[in-house]
file run.cif (mmCIF, C-alpha atoms)
data_coords
#
loop_
_atom_site.group_PDB
_atom_site.id
_atom_site.type_symbol
_atom_site.label_atom_id
_atom_site.label_comp_id
_atom_site.auth_asym_id
_atom_site.auth_seq_id
_atom_site.Cartn_x
_atom_site.Cartn_y
_atom_site.Cartn_z
ATOM 1 C CA MET A 1 9.094 -31.058 -0.776
ATOM 2 C CA SER A 2 7.534 -27.611 -0.413
ATOM 3 C CA GLU A 3 4.818 -29.025 1.813
ATOM 4 C CA GLU A 4 7.382 -30.386 4.222
ATOM 5 C CA VAL A 5 9.208 -27.064 4.260
ATOM 6 C CA ARG A 6 5.918 -25.321 4.974
ATOM 7 C CA GLU A 7 5.226 -27.644 7.902
ATOM 8 C CA ARG A 8 8.676 -26.988 9.331
ATOM 9 C CA ILE A 9 8.262 -23.232 8.994
ATOM 10 C CA LYS A 10 4.867 -23.480 10.683
ATOM 11 C CA SER A 11 6.318 -25.494 13.505
ATOM 12 C CA VAL A 12 9.098 -22.934 14.098
ATOM 13 C CA ILE A 13 6.560 -20.096 14.141
ATOM 14 C CA ASP A 14 4.221 -21.977 16.471
ATOM 15 C CA THR A 15 6.736 -23.366 18.927
ATOM 16 C CA GLU A 16 9.585 -20.843 19.160
ATOM 17 C CA PRO A 17 9.019 -17.913 21.568
ATOM 18 C CA VAL A 18 10.697 -15.508 19.145
ATOM 19 C CA ALA A 19 11.336 -16.550 15.537
ATOM 20 C CA LEU A 20 13.434 -14.440 13.182
ATOM 21 C CA PHE A 21 13.425 -15.409 9.513
ATOM 22 C CA MET A 22 16.447 -13.706 8.036
ATOM 23 C CA LYS A 23 19.046 -13.662 5.310
ATOM 24 C CA GLY A 24 22.068 -15.377 6.792
ATOM 25 C CA THR A 25 22.531 -16.263 10.453
ATOM 26 C CA PRO A 26 23.122 -14.101 13.539
ATOM 27 C CA GLN A 27 26.806 -15.027 13.221
ATOM 28 C CA PHE A 28 26.928 -14.135 9.542
ATOM 29 C CA VAL A 29 24.186 -11.726 8.547
ATOM 30 C CA MET A 30 23.772 -11.340 4.788
ATOM 31 C CA CYS A 31 21.499 -8.301 4.623
ATOM 32 C CA GLY A 32 21.272 -4.911 6.319
ATOM 33 C CA ASN A 33 17.581 -5.291 7.054
ATOM 34 C CA SER A 34 18.056 -8.644 8.741
ATOM 35 C CA GLU A 35 20.844 -7.006 10.748
ATOM 36 C CA ARG A 36 18.511 -4.186 11.839
ATOM 37 C CA ALA A 37 15.875 -6.645 13.018
ATOM 38 C CA LEU A 38 18.447 -8.773 14.843
ATOM 39 C CA GLN A 39 19.961 -5.767 16.619
ATOM 40 C CA ALA A 40 16.523 -4.534 17.664
ATOM 41 C CA LEU A 41 15.676 -7.944 19.133
ATOM 42 C CA ARG A 42 19.038 -8.120 20.879
ATOM 43 C CA SER A 43 18.573 -4.655 22.339
ATOM 44 C CA ALA A 44 15.327 -5.851 23.890
ATOM 45 C CA GLY A 45 17.044 -8.982 25.214
ATOM 46 C CA ALA A 46 14.845 -11.329 23.198
ATOM 47 C CA PRO A 47 15.527 -15.071 22.987
ATOM 48 C CA VAL A 48 16.000 -15.281 19.219
ATOM 49 C CA THR A 49 15.523 -18.425 17.180
ATOM 50 C CA ALA A 50 16.857 -17.612 13.736
ATOM 51 C CA VAL A 51 16.053 -19.298 10.452
ATOM 52 C CA ASP A 52 18.223 -18.595 7.413
ATOM 53 C CA ILE A 53 15.963 -18.339 4.370
ATOM 54 C CA LEU A 54 18.799 -18.211 1.829
ATOM 55 C CA PRO A 55 19.673 -21.922 1.417
ATOM 56 C CA ASP A 56 16.538 -22.540 -0.683
ATOM 57 C CA PRO A 57 14.251 -20.065 -2.490
ATOM 58 C CA GLY A 58 11.337 -22.292 -1.482
ATOM 59 C CA ILE A 59 11.720 -21.241 2.149
ATOM 60 C CA ARG A 60 10.989 -17.610 1.450
ATOM 61 C CA GLN A 61 8.155 -18.518 -0.880
ATOM 62 C CA GLU A 62 6.435 -20.741 1.646
ATOM 63 C CA LEU A 63 7.050 -18.285 4.473
ATOM 64 C CA SER A 64 5.518 -15.347 2.589
ATOM 65 C CA THR A 65 2.542 -17.472 1.567
ATOM 66 C CA LEU A 66 2.002 -18.449 5.194
ATOM 67 C CA SER A 67 2.445 -14.990 6.670
ATOM 68 C CA GLY A 68 1.111 -12.845 3.848
ATOM 69 C CA TRP A 69 4.208 -10.686 4.315
ATOM 70 C CA PRO A 70 6.309 -10.108 1.212
ATOM 71 C CA THR A 71 9.691 -9.092 2.588
ATOM 72 C CA ILE A 72 12.514 -10.494 4.711
ATOM 73 C CA PRO A 73 13.183 -10.331 7.648
ATOM 74 C CA GLN A 74 10.043 -11.449 9.464
ATOM 75 C CA VAL A 75 9.729 -11.570 13.232
ATOM 76 C CA PHE A 76 7.181 -13.668 15.114
ATOM 77 C CA ILE A 77 6.531 -13.591 18.848
ATOM 78 C CA ARG A 78 4.541 -16.565 20.150
ATOM 79 C CA GLY A 79 3.287 -17.325 16.674
ATOM 80 C CA GLU A 80 2.170 -13.787 15.891
ATOM 81 C CA LEU A 81 3.763 -11.789 13.081
ATOM 82 C CA VAL A 82 5.207 -8.656 14.655
ATOM 83 C CA GLY A 83 6.616 -7.271 11.424
ATOM 84 C CA GLY A 84 9.768 -6.678 9.454
ATOM 85 C CA ALA A 85 12.876 -4.619 10.169
ATOM 86 C CA ASP A 86 11.144 -1.217 10.132
ATOM 87 C CA ILE A 87 8.440 -2.219 12.594
ATOM 88 C CA VAL A 88 10.689 -4.134 14.970
ATOM 89 C CA GLN A 89 13.172 -1.265 15.017
ATOM 90 C CA GLU A 90 10.404 1.230 15.729
ATOM 91 C CA LEU A 91 8.939 -0.970 18.478
ATOM 92 C CA ALA A 92 12.378 -1.349 20.058
ATOM 93 C CA ALA A 93 12.961 2.401 20.009
ATOM 94 C CA THR A 94 9.682 3.155 21.776
ATOM 95 C CA GLY A 95 10.041 0.377 24.361
ATOM 96 C CA GLU A 96 6.979 -1.331 22.917
ATOM 97 C CA LEU A 97 9.009 -4.402 21.931
ATOM 98 C CA GLU A 98 10.091 -5.109 25.506
ATOM 99 C CA ARG A 99 6.512 -4.668 26.684
ATOM 100 C CA LYS A 100 5.319 -7.088 24.036
ATOM 101 C CA LEU A 101 7.973 -9.637 24.944
ATOM 102 C CA SER A 102 7.086 -9.418 28.655
ATOM 103 C CA GLU A 103 3.421 -9.746 27.869
ATOM 104 C CA SER A 104 3.878 -12.741 25.586
ATOM 105 C CA LEU A 105 6.759 -14.571 27.239
ATOM 106 C CA GLY A 106 6.595 -13.448 30.851
ATOM 107 C CA ASP A 107 8.556 -10.772 32.714
ATOM 108 C CA ASP A 108 11.586 -13.050 33.064
ATOM 109 C CA TYR A 109 11.964 -13.598 29.299
ATOM 110 C CA ARG A 110 15.541 -12.307 29.390
ATOM 111 C CA ASP A 111 16.678 -15.144 31.664
ATOM 112 C CA GLU A 112 16.788 -17.674 28.848
ATOM 113 C CA ALA A 113 17.709 -15.259 26.102
ATOM 114 C CA GLU A 114 20.067 -17.393 24.082
ATOM 115 C CA GLU A 115 20.319 -17.228 20.319
ATOM 116 C CA ARG A 116 19.663 -20.349 18.340
ATOM 117 C CA VAL A 117 19.714 -21.195 14.676
ATOM 118 C CA VAL A 118 17.382 -23.834 13.302
ATOM 119 C CA SER A 119 17.015 -25.155 9.787
ATOM 120 C CA VAL A 120 13.756 -25.787 7.982
ATOM 121 C CA LEU A 121 15.490 -27.486 5.087
ATOM 122 C CA VAL A 122 14.413 -30.988 4.261
ATOM 123 C CA THR A 123 17.420 -33.102 3.445
ATOM 124 C CA ALA A 124 16.969 -36.146 1.317
ATOM 125 C CA MET B 1 9.470 3.812 -10.887
ATOM 126 C CA THR B 2 9.192 6.347 -8.055
ATOM 127 C CA ASN B 3 6.266 7.973 -9.836
ATOM 128 C CA ASP B 4 4.622 4.594 -10.472
ATOM 129 C CA LEU B 5 4.781 3.755 -6.791
ATOM 130 C CA GLU B 6 3.460 7.168 -5.785
ATOM 131 C CA ARG B 7 0.555 6.773 -8.167
ATOM 132 C CA LEU B 8 -0.347 3.361 -6.754
ATOM 133 C CA LEU B 9 -0.167 4.713 -3.210
ATOM 134 C CA ASN B 10 -2.269 7.761 -4.032
ATOM 135 C CA ASP B 11 -4.857 5.475 -5.644
ATOM 136 C CA ALA B 12 -4.882 3.205 -2.582
ATOM 137 C CA PHE B 13 -4.886 6.062 -0.059
ATOM 138 C CA PRO B 14 -6.749 8.981 -1.663
ATOM 139 C CA GLU B 15 -7.381 10.415 1.814
ATOM 140 C CA ALA B 16 -3.689 10.388 2.828
ATOM 141 C CA THR B 17 -2.182 13.622 4.098
ATOM 142 C CA GLU B 18 1.270 12.479 3.011
ATOM 143 C CA VAL B 19 2.516 10.043 0.396
ATOM 144 C CA ARG B 20 6.234 10.123 -0.281
ATOM 145 C CA VAL B 21 8.431 7.715 -2.176
ATOM 146 C CA THR B 22 12.177 8.190 -1.970
ATOM 147 C CA ASP B 23 14.653 6.340 -4.140
ATOM 148 C CA ARG B 24 17.223 5.686 -1.422
ATOM 149 C CA THR B 25 20.123 4.724 -3.624
ATOM 150 C CA GLY B 26 19.249 6.337 -6.937
ATOM 151 C CA GLY B 27 19.218 2.884 -8.496
ATOM 152 C CA GLY B 28 15.464 2.649 -8.788
ATOM 153 C CA ASP B 29 15.125 -0.454 -6.619
ATOM 154 C CA HIS B 30 15.590 0.621 -2.971
ATOM 155 C CA PHE B 31 12.696 2.716 -1.774
ATOM 156 C CA LEU B 32 11.569 4.499 1.344
ATOM 157 C CA ILE B 33 7.785 4.651 1.427
ATOM 158 C CA GLU B 34 6.124 7.141 3.768
ATOM 159 C CA VAL B 35 2.365 7.248 4.173
ATOM 160 C CA THR B 36 0.371 9.309 6.661
ATOM 161 C CA THR B 37 -3.355 8.773 6.697
ATOM 162 C CA PRO B 38 -6.192 8.789 9.247
ATOM 163 C CA ARG B 39 -7.060 5.331 7.936
ATOM 164 C CA PHE B 40 -4.154 3.976 10.000
ATOM 165 C CA ASP B 41 -5.722 5.232 13.229
ATOM 166 C CA GLY B 42 -6.289 2.342 15.598
ATOM 167 C CA LEU B 43 -4.422 -0.162 13.412
ATOM 168 C CA SER B 44 -1.304 -1.971 14.555
ATOM 169 C CA LEU B 45 1.931 -1.329 12.675
ATOM 170 C CA VAL B 46 1.639 -4.755 11.062
ATOM 171 C CA GLU B 47 -1.834 -3.905 9.796
ATOM 172 C CA GLN B 48 -0.639 -0.521 8.539
ATOM 173 C CA HIS B 49 2.299 -2.045 6.681
ATOM 174 C CA ARG B 50 0.061 -4.745 5.235
ATOM 175 C CA LEU B 51 -2.104 -2.072 3.611
ATOM 176 C CA VAL B 52 0.989 -0.473 2.081
ATOM 177 C CA ASN B 53 2.358 -3.842 0.962
ATOM 178 C CA ASP B 54 -0.992 -4.663 -0.628
ATOM 179 C CA ALA B 55 -1.011 -1.381 -2.543
ATOM 180 C CA LEU B 56 2.448 -2.151 -3.945
ATOM 181 C CA ALA B 57 2.002 -5.892 -4.428
ATOM 182 C CA ALA B 58 2.179 -5.768 -8.221
ATOM 183 C CA PRO B 59 5.488 -3.909 -8.624
ATOM 184 C CA PHE B 60 6.944 -5.887 -5.746
ATOM 185 C CA ALA B 61 5.951 -9.195 -7.328
ATOM 186 C CA SER B 62 7.584 -8.081 -10.569
ATOM 187 C CA GLY B 63 10.927 -8.304 -8.783
ATOM 188 C CA ARG B 64 11.891 -4.761 -9.726
ATOM 189 C CA ILE B 65 11.879 -3.648 -6.096
ATOM 190 C CA HIS B 66 14.817 -4.955 -4.132
ATOM 191 C CA GLU B 67 13.992 -3.241 -0.857
ATOM 192 C CA MET B 68 11.098 -1.322 0.607
ATOM 193 C CA ARG B 69 11.407 0.563 3.841
ATOM 194 C CA ILE B 70 8.032 1.616 5.128
ATOM 195 C CA LYS B 71 7.114 4.368 7.554
ATOM 196 C CA THR B 72 3.454 4.752 8.387
ATOM 197 C CA LYS B 73 1.614 7.276 10.526
ATOM 198 C CA GLY B 74 -1.974 7.829 11.523
ATOM 199 C CA SER B 75 -3.542 11.230 12.009
ATOM 200 C CA THR B 76 -2.703 11.428 15.700
#
call {"tool": "encode", "arguments": {"input": "run.cif", "output": "structure tokens"}}
result
Amino acid sequence: MSEEVRERIKSVIDTEPVALFMKGTPQFVMCGNSERALQALRSAGAPVTAVDILPDPGIRQELSTLSGWPTIPQVFIRGELVGGADIVQELAATGELERKLSESLGDDYRDEAEERVVSVLVTA
Amino acid sequence: MTNDLERLLNDAFPEATEVRVTDRTGGGDHFLIEVTTPRFDGLSLVEQHRLVNDALAAPFASGRIHEMRIKTKGST
């Protein structure tokens, strides 16, 4: 089961332009730090694909093993770990986040900036 | 706990010009970690935070830390 979850997490990280692993969903955020990361991404106009890590403790475990990052939230742009709430907030404040998004996704990245929620849960 | 974390950080970054651990809520499980060291020069924020996370891996793994906010600075 955990292997399948790991593969799904990997696939989200590798294929989504901007992946946000968070507690809760953008519509119902369950943690202040996830909220900070989400707001920072929104302020930069990022197309956010959110994954709620709360439904199964295995998700967080596999994610942290993959990324080597212990805390939630975690933000990836084009497969690269950008950081957690503190880093993303700092990058947004300095304008660095928008630069990074343009560099990685193209200058028109805002055009398709819709928020999506995907699940990595494996249902029997 | 605050002292434990400071000790670990001072051991990991003996050259740091600032190591500060603040108990944000007074509950002993939400911490603000501030580290300023020339060792961060030229490293990305992710790399800087990784070094701090590594230094505090043991207490974090123990589950006693609910939240860590990290602020890192190089010498410049």
call {"tool": "resolve_selection", "arguments": {"input": "run.cif", "expression": "the PyMOL selection byres ((chain A and resi 9) around 12)", "output": "ChimeraX atom specification"}}
result
/A:2-8,10-16,19-21,49-53,58-67,74,76,79,118-122
call {"tool": "atom_distance", "arguments": {"input": "run.cif", "atom1": "CA of Met22 (chain A)", "atom2": "CA of Ser34 (chain A)"}}
result
5.4 Å
call {"tool": "resolve_selection", "arguments": {"input": "run.cif", "expression": "the PyMOL selection byres ((chain B) within 10 of (chain A))", "output": "mmCIF file with C-alpha atoms, in the coordinates of the input"}}
result
data_model
loop_
_atom_site.group_PDB
_atom_site.id
_atom_site.type_symbol
_atom_site.label_atom_id
_atom_site.label_comp_id
_atom_site.auth_asym_id
_atom_site.auth_seq_id
_atom_site.Cartn_x
_atom_site.Cartn_y
_atom_site.Cartn_z
ATOM 1 C CA SER B 44 -1.304 -1.971 14.555
ATOM 2 C CA LEU B 45 1.931 -1.329 12.675
ATOM 3 C CA VAL B 46 1.639 -4.755 11.062
ATOM 4 C CA GLU B 47 -1.834 -3.905 9.796
ATOM 5 C CA HIS B 49 2.299 -2.045 6.681
ATOM 6 C CA ARG B 50 0.061 -4.745 5.235
ATOM 7 C CA ASN B 53 2.358 -3.842 0.962
ATOM 8 C CA ASP B 54 -0.992 -4.663 -0.628
ATOM 9 C CA ALA B 57 2.002 -5.892 -4.428
ATOM 10 C CA PHE B 60 6.944 -5.887 -5.746
ATOM 11 C CA ALA B 61 5.951 -9.195 -7.328
ATOM 12 C CA HIS B 66 14.817 -4.955 -4.132
ATOM 13 C CA GLU B 67 13.992 -3.241 -0.857
ATOM 14 C CA MET B 68 11.098 -1.322 0.607
ATOM 15 C CA ARG B 69 11.407 0.563 3.841
ATOM 16 C CA ILE B 70 8.032 1.616 5.128
ATOM 17 C CA LYS B 71 7.114 4.368 7.554
ATOM 18 C CA THR B 72 3.454 4.752 8.387
#
call {"tool": "atom_distance", "arguments": {"input": "run.cif", "atom1": "CA of Leu8 (chain B)", "atom2": "CA of Ile65 (chain B)"}}
result
14.1 Å
call {"tool": "atom_distance", "arguments": {"input": "run.cif", "atom1": "CA of Thr94 (chain A)", "atom2": "CA of Gly106 (chain A)"}}
result
19.2 Å
call {"tool": "closest_residue", "arguments": {"input": "run.cif", "among": "B:Leu56, B:Ile33, B:Met1, B:Pro38", "to": "Thr17 (chain B)", "atoms": "only C-alpha atoms"}}
result
B:Pro38
call {"tool": "closest_residue", "arguments": {"input": "run.cif", "among": "B:Ser62, B:Gln48, B:Val35, B:Thr2", "to": "Glu15 (chain B)", "atoms": "only C-alpha atoms"}}
result
B:Val35
call {"tool": "closest_residue", "arguments": {"input": "run.cif", "among": "A:Lys100, A:Val117, A:Ala46, A:Ala40", "to": "Gly24 (chain A)", "atoms": "all atoms listed in the file"}}
result
A:Val117
call {"tool": "resolve_selection", "arguments": {"input": "run.cif", "expression": "the PyMOL selection byres ((chain B and resi 36) around 7)", "output": "ChimeraX atom specification"}}
result
/B:16-19,34-35,37,72-75
call {"tool": "write_last_selection", "arguments": {"input": "run.cif", "atoms": "C-alpha atoms", "output": "tab-separated table (two decimals), keeping the file's coordinate frame"}}
result
chain	number	residue	atom	x	y	z
B	16	ALA	CA	-3.69	10.39	2.83
B	17	THR	CA	-2.18	13.62	4.10
B	18	GLU	CA	1.27	12.48	3.01
B	19	VAL	CA	2.52	10.04	0.40
B	34	GLU	CA	6.12	7.14	3.77
B	35	VAL	CA	2.37	7.25	4.17
B	37	THR	CA	-3.36	8.77	6.70
B	72	THR	CA	3.45	4.75	8.39
B	73	LYS	CA	1.61	7.28	10.53
B	74	GLY	CA	-1.97	7.83	11.52
B	75	SER	CA	-3.54	11.23	12.01
call {"tool": "closest_residue", "arguments": {"input": "run.cif", "among": "A:Cys31, A:Leu41, A:Pro17, A:Pro47", "to": "Arg116 (chain A)", "atoms": "all atoms listed in the file"}}
result
A:Pro47
call {"tool": "closest_residue", "arguments": {"input": "run.cif", "among": "A:Gly32, A:Gly45, A:Pro73, A:Pro57", "to": "Ser102 (chain A)", "atoms": "all atoms listed in the file"}}
result
A:Gly45
call {"tool": "residues_around", "arguments": {"input": "run.cif", "residues": "Arg42 (chain A)", "least_positions_apart": "5", "cutoff": "12 Å", "atoms": "all atoms listed in the file", "output": "mmCIF file with C-alpha atoms, in the frame of the given file"}}
result
data_model
loop_
_atom_site.group_PDB
_atom_site.id
_atom_site.type_symbol
_atom_site.label_atom_id
_atom_site.label_comp_id
_atom_site.auth_asym_id
_atom_site.auth_seq_id
_atom_site.Cartn_x
_atom_site.Cartn_y
_atom_site.Cartn_z
ATOM 1 C CA VAL A 18 10.697 -15.508 19.145
ATOM 2 C CA LEU A 20 13.434 -14.440 13.182
ATOM 3 C CA PRO A 26 23.122 -14.101 13.539
ATOM 4 C CA GLU A 35 20.844 -7.006 10.748
ATOM 5 C CA ARG A 36 18.511 -4.186 11.839
ATOM 6 C CA ALA A 37 15.875 -6.645 13.018
ATOM 7 C CA PRO A 47 15.527 -15.071 22.987
ATOM 8 C CA VAL A 48 16.000 -15.281 19.219
ATOM 9 C CA THR A 49 15.523 -18.425 17.180
ATOM 10 C CA VAL A 88 10.689 -4.134 14.970
ATOM 11 C CA GLN A 89 13.172 -1.265 15.017
ATOM 12 C CA ALA A 92 12.378 -1.349 20.058
ATOM 13 C CA LEU A 97 9.009 -4.402 21.931
ATOM 14 C CA GLU A 98 10.091 -5.109 25.506
ATOM 15 C CA LEU A 101 7.973 -9.637 24.944
ATOM 16 C CA ARG A 110 15.541 -12.307 29.390
ATOM 17 C CA ALA A 113 17.709 -15.259 26.102
ATOM 18 C CA GLU A 114 20.067 -17.393 24.082
ATOM 19 C CA GLU A 115 20.319 -17.228 20.319
#
call {"tool": "build_atoms", "arguments": {"input": "run.cif", "residues": "region 30-61 of chain B", "atoms": "N, CA and C atoms", "output": "mmCIF file, keeping the file's coordinate frame"}}
result
data_model
loop_
_atom_site.group_PDB
_atom_site.id
_atom_site.type_symbol
_atom_site.label_atom_id
_atom_site.label_comp_id
_atom_site.auth_asym_id
_atom_site.auth_seq_id
_atom_site.Cartn_x
_atom_site.Cartn_y
_atom_site.Cartn_z
ATOM 1 N N HIS B 30 15.651 0.545 -4.439
ATOM 2 C CA HIS B 30 15.590 0.621 -2.971
ATOM 3 C C HIS B 30 14.751 1.846 -2.606
ATOM 4 N N PHE B 31 13.594 1.593 -1.996
ATOM 5 C CA PHE B 31 12.696 2.716 -1.774
ATOM 6 C C PHE B 31 12.338 2.890 -0.311
ATOM 7 N N LEU B 32 12.191 4.167 0.059
ATOM 8 C CA LEU B 32 11.569 4.499 1.344
ATOM 9 C C LEU B 32 10.164 4.983 1.039
ATOM 10 N N ILE B 33 9.190 4.324 1.648
ATOM 11 C CA ILE B 33 7.785 4.651 1.427
ATOM 12 C C ILE B 33 7.246 5.291 2.700
ATOM 13 N N GLU B 34 6.714 6.495 2.593
ATOM 14 C CA GLU B 34 6.124 7.141 3.768
ATOM 15 C C GLU B 34 4.656 7.476 3.492
ATOM 16 N N VAL B 35 3.793 6.997 4.350
ATOM 17 C CA VAL B 35 2.365 7.248 4.173
ATOM 18 C C VAL B 35 1.771 7.699 5.508
ATOM 19 N N THR B 36 1.093 8.825 5.484
ATOM 20 C CA THR B 36 0.371 9.309 6.661
ATOM 21 C C THR B 36 -1.097 9.440 6.298
ATOM 22 N N THR B 37 -1.931 8.732 7.010
ATOM 23 C CA THR B 37 -3.355 8.773 6.697
ATOM 24 C C THR B 37 -4.177 8.444 7.937
ATOM 25 N N PRO B 38 -5.323 9.106 8.105
ATOM 26 C CA PRO B 38 -6.192 8.789 9.247
ATOM 27 C C PRO B 38 -6.697 7.350 9.200
ATOM 28 N N ARG B 39 -6.600 6.710 8.024
ATOM 29 C CA ARG B 39 -7.060 5.331 7.936
ATOM 30 C C ARG B 39 -6.222 4.391 8.813
ATOM 31 N N PHE B 40 -5.015 4.815 9.155
ATOM 32 C CA PHE B 40 -4.154 3.976 10.000
ATOM 33 C C PHE B 40 -4.515 4.078 11.482
ATOM 34 N N ASP B 41 -5.370 5.049 11.820
ATOM 35 C CA ASP B 41 -5.722 5.232 13.229
ATOM 36 C C ASP B 41 -6.292 3.943 13.805
ATOM 37 N N GLY B 42 -5.756 3.520 14.925
ATOM 38 C CA GLY B 42 -6.289 2.342 15.598
ATOM 39 C C GLY B 42 -5.769 1.028 15.050
ATOM 40 N N LEU B 43 -4.989 1.075 13.964
ATOM 41 C CA LEU B 43 -4.422 -0.162 13.412
ATOM 42 C C LEU B 43 -3.032 -0.395 13.980
ATOM 43 N N SER B 44 -2.663 -1.660 14.135
ATOM 44 C CA SER B 44 -1.304 -1.971 14.555
ATOM 45 C C SER B 44 -0.341 -1.678 13.401
ATOM 46 N N LEU B 45 0.939 -1.593 13.726
ATOM 47 C CA LEU B 45 1.931 -1.329 12.675
ATOM 48 C C LEU B 45 1.903 -2.415 11.604
ATOM 49 N N VAL B 46 1.704 -3.666 12.042
ATOM 50 C CA VAL B 46 1.639 -4.755 11.062
ATOM 51 C C VAL B 46 0.480 -4.529 10.097
ATOM 52 N N GLU B 47 -0.670 -4.147 10.653
ATOM 53 C CA GLU B 47 -1.834 -3.905 9.796
ATOM 54 C C GLU B 47 -1.595 -2.725 8.863
ATOM 55 N N GLN B 48 -0.948 -1.688 9.374
ATOM 56 C CA GLN B 48 -0.639 -0.521 8.539
ATOM 57 C C GLN B 48 0.290 -0.900 7.394
ATOM 58 N N HIS B 49 1.333 -1.647 7.717
ATOM 59 C CA HIS B 49 2.299 -2.045 6.681
ATOM 60 C C HIS B 49 1.661 -2.994 5.669
ATOM 61 N N ARG B 50 0.752 -3.838 6.155
ATOM 62 C CA ARG B 50 0.061 -4.745 5.235
ATOM 63 C C ARG B 50 -0.705 -3.966 4.172
ATOM 64 N N LEU B 51 -1.349 -2.877 4.584
ATOM 65 C CA LEU B 51 -2.104 -2.072 3.611
ATOM 66 C C LEU B 51 -1.163 -1.478 2.571
ATOM 67 N N VAL B 52 0.002 -1.028 3.021
ATOM 68 C CA VAL B 52 0.989 -0.473 2.081
ATOM 69 C C VAL B 52 1.534 -1.572 1.174
ATOM 70 N N ASN B 53 1.858 -2.718 1.770
ATOM 71 C CA ASN B 53 2.358 -3.842 0.962
ATOM 72 C C ASN B 53 1.340 -4.243 -0.095
ATOM 73 N N ASP B 54 0.062 -4.278 0.315
ATOM 74 C CA ASP B 54 -0.992 -4.663 -0.628
ATOM 75 C C ASP B 54 -1.050 -3.687 -1.803
ATOM 76 N N ALA B 55 -0.929 -2.399 -1.487
ATOM 77 C CA ALA B 55 -1.011 -1.381 -2.543
ATOM 78 C C ALA B 55 0.126 -1.542 -3.554
ATOM 79 N N LEU B 56 1.265 -2.055 -3.083
ATOM 80 C CA LEU B 56 2.448 -2.151 -3.945
ATOM 81 C C LEU B 56 2.764 -3.594 -4.330
ATOM 82 N N ALA B 57 1.761 -4.467 -4.188
ATOM 83 C CA ALA B 57 2.002 -5.892 -4.428
ATOM 84 C C ALA B 57 2.465 -6.163 -5.856
ATOM 85 N N ALA B 58 1.853 -5.481 -6.816
ATOM 86 C CA ALA B 58 2.179 -5.768 -8.221
ATOM 87 C C ALA B 58 3.635 -5.431 -8.565
ATOM 88 N N PRO B 59 4.078 -4.194 -8.314
ATOM 89 C CA PRO B 59 5.488 -3.909 -8.624
ATOM 90 C C PRO B 59 6.458 -4.739 -7.791
ATOM 91 N N PHE B 60 6.052 -5.070 -6.557
ATOM 92 C CA PHE B 60 6.944 -5.887 -5.746
ATOM 93 C C PHE B 60 7.074 -7.294 -6.331
ATOM 94 N N ALA B 61 5.937 -7.844 -6.767
ATOM 95 C CA ALA B 61 5.951 -9.195 -7.328
ATOM 96 C C ALA B 61 6.751 -9.252 -8.625
#
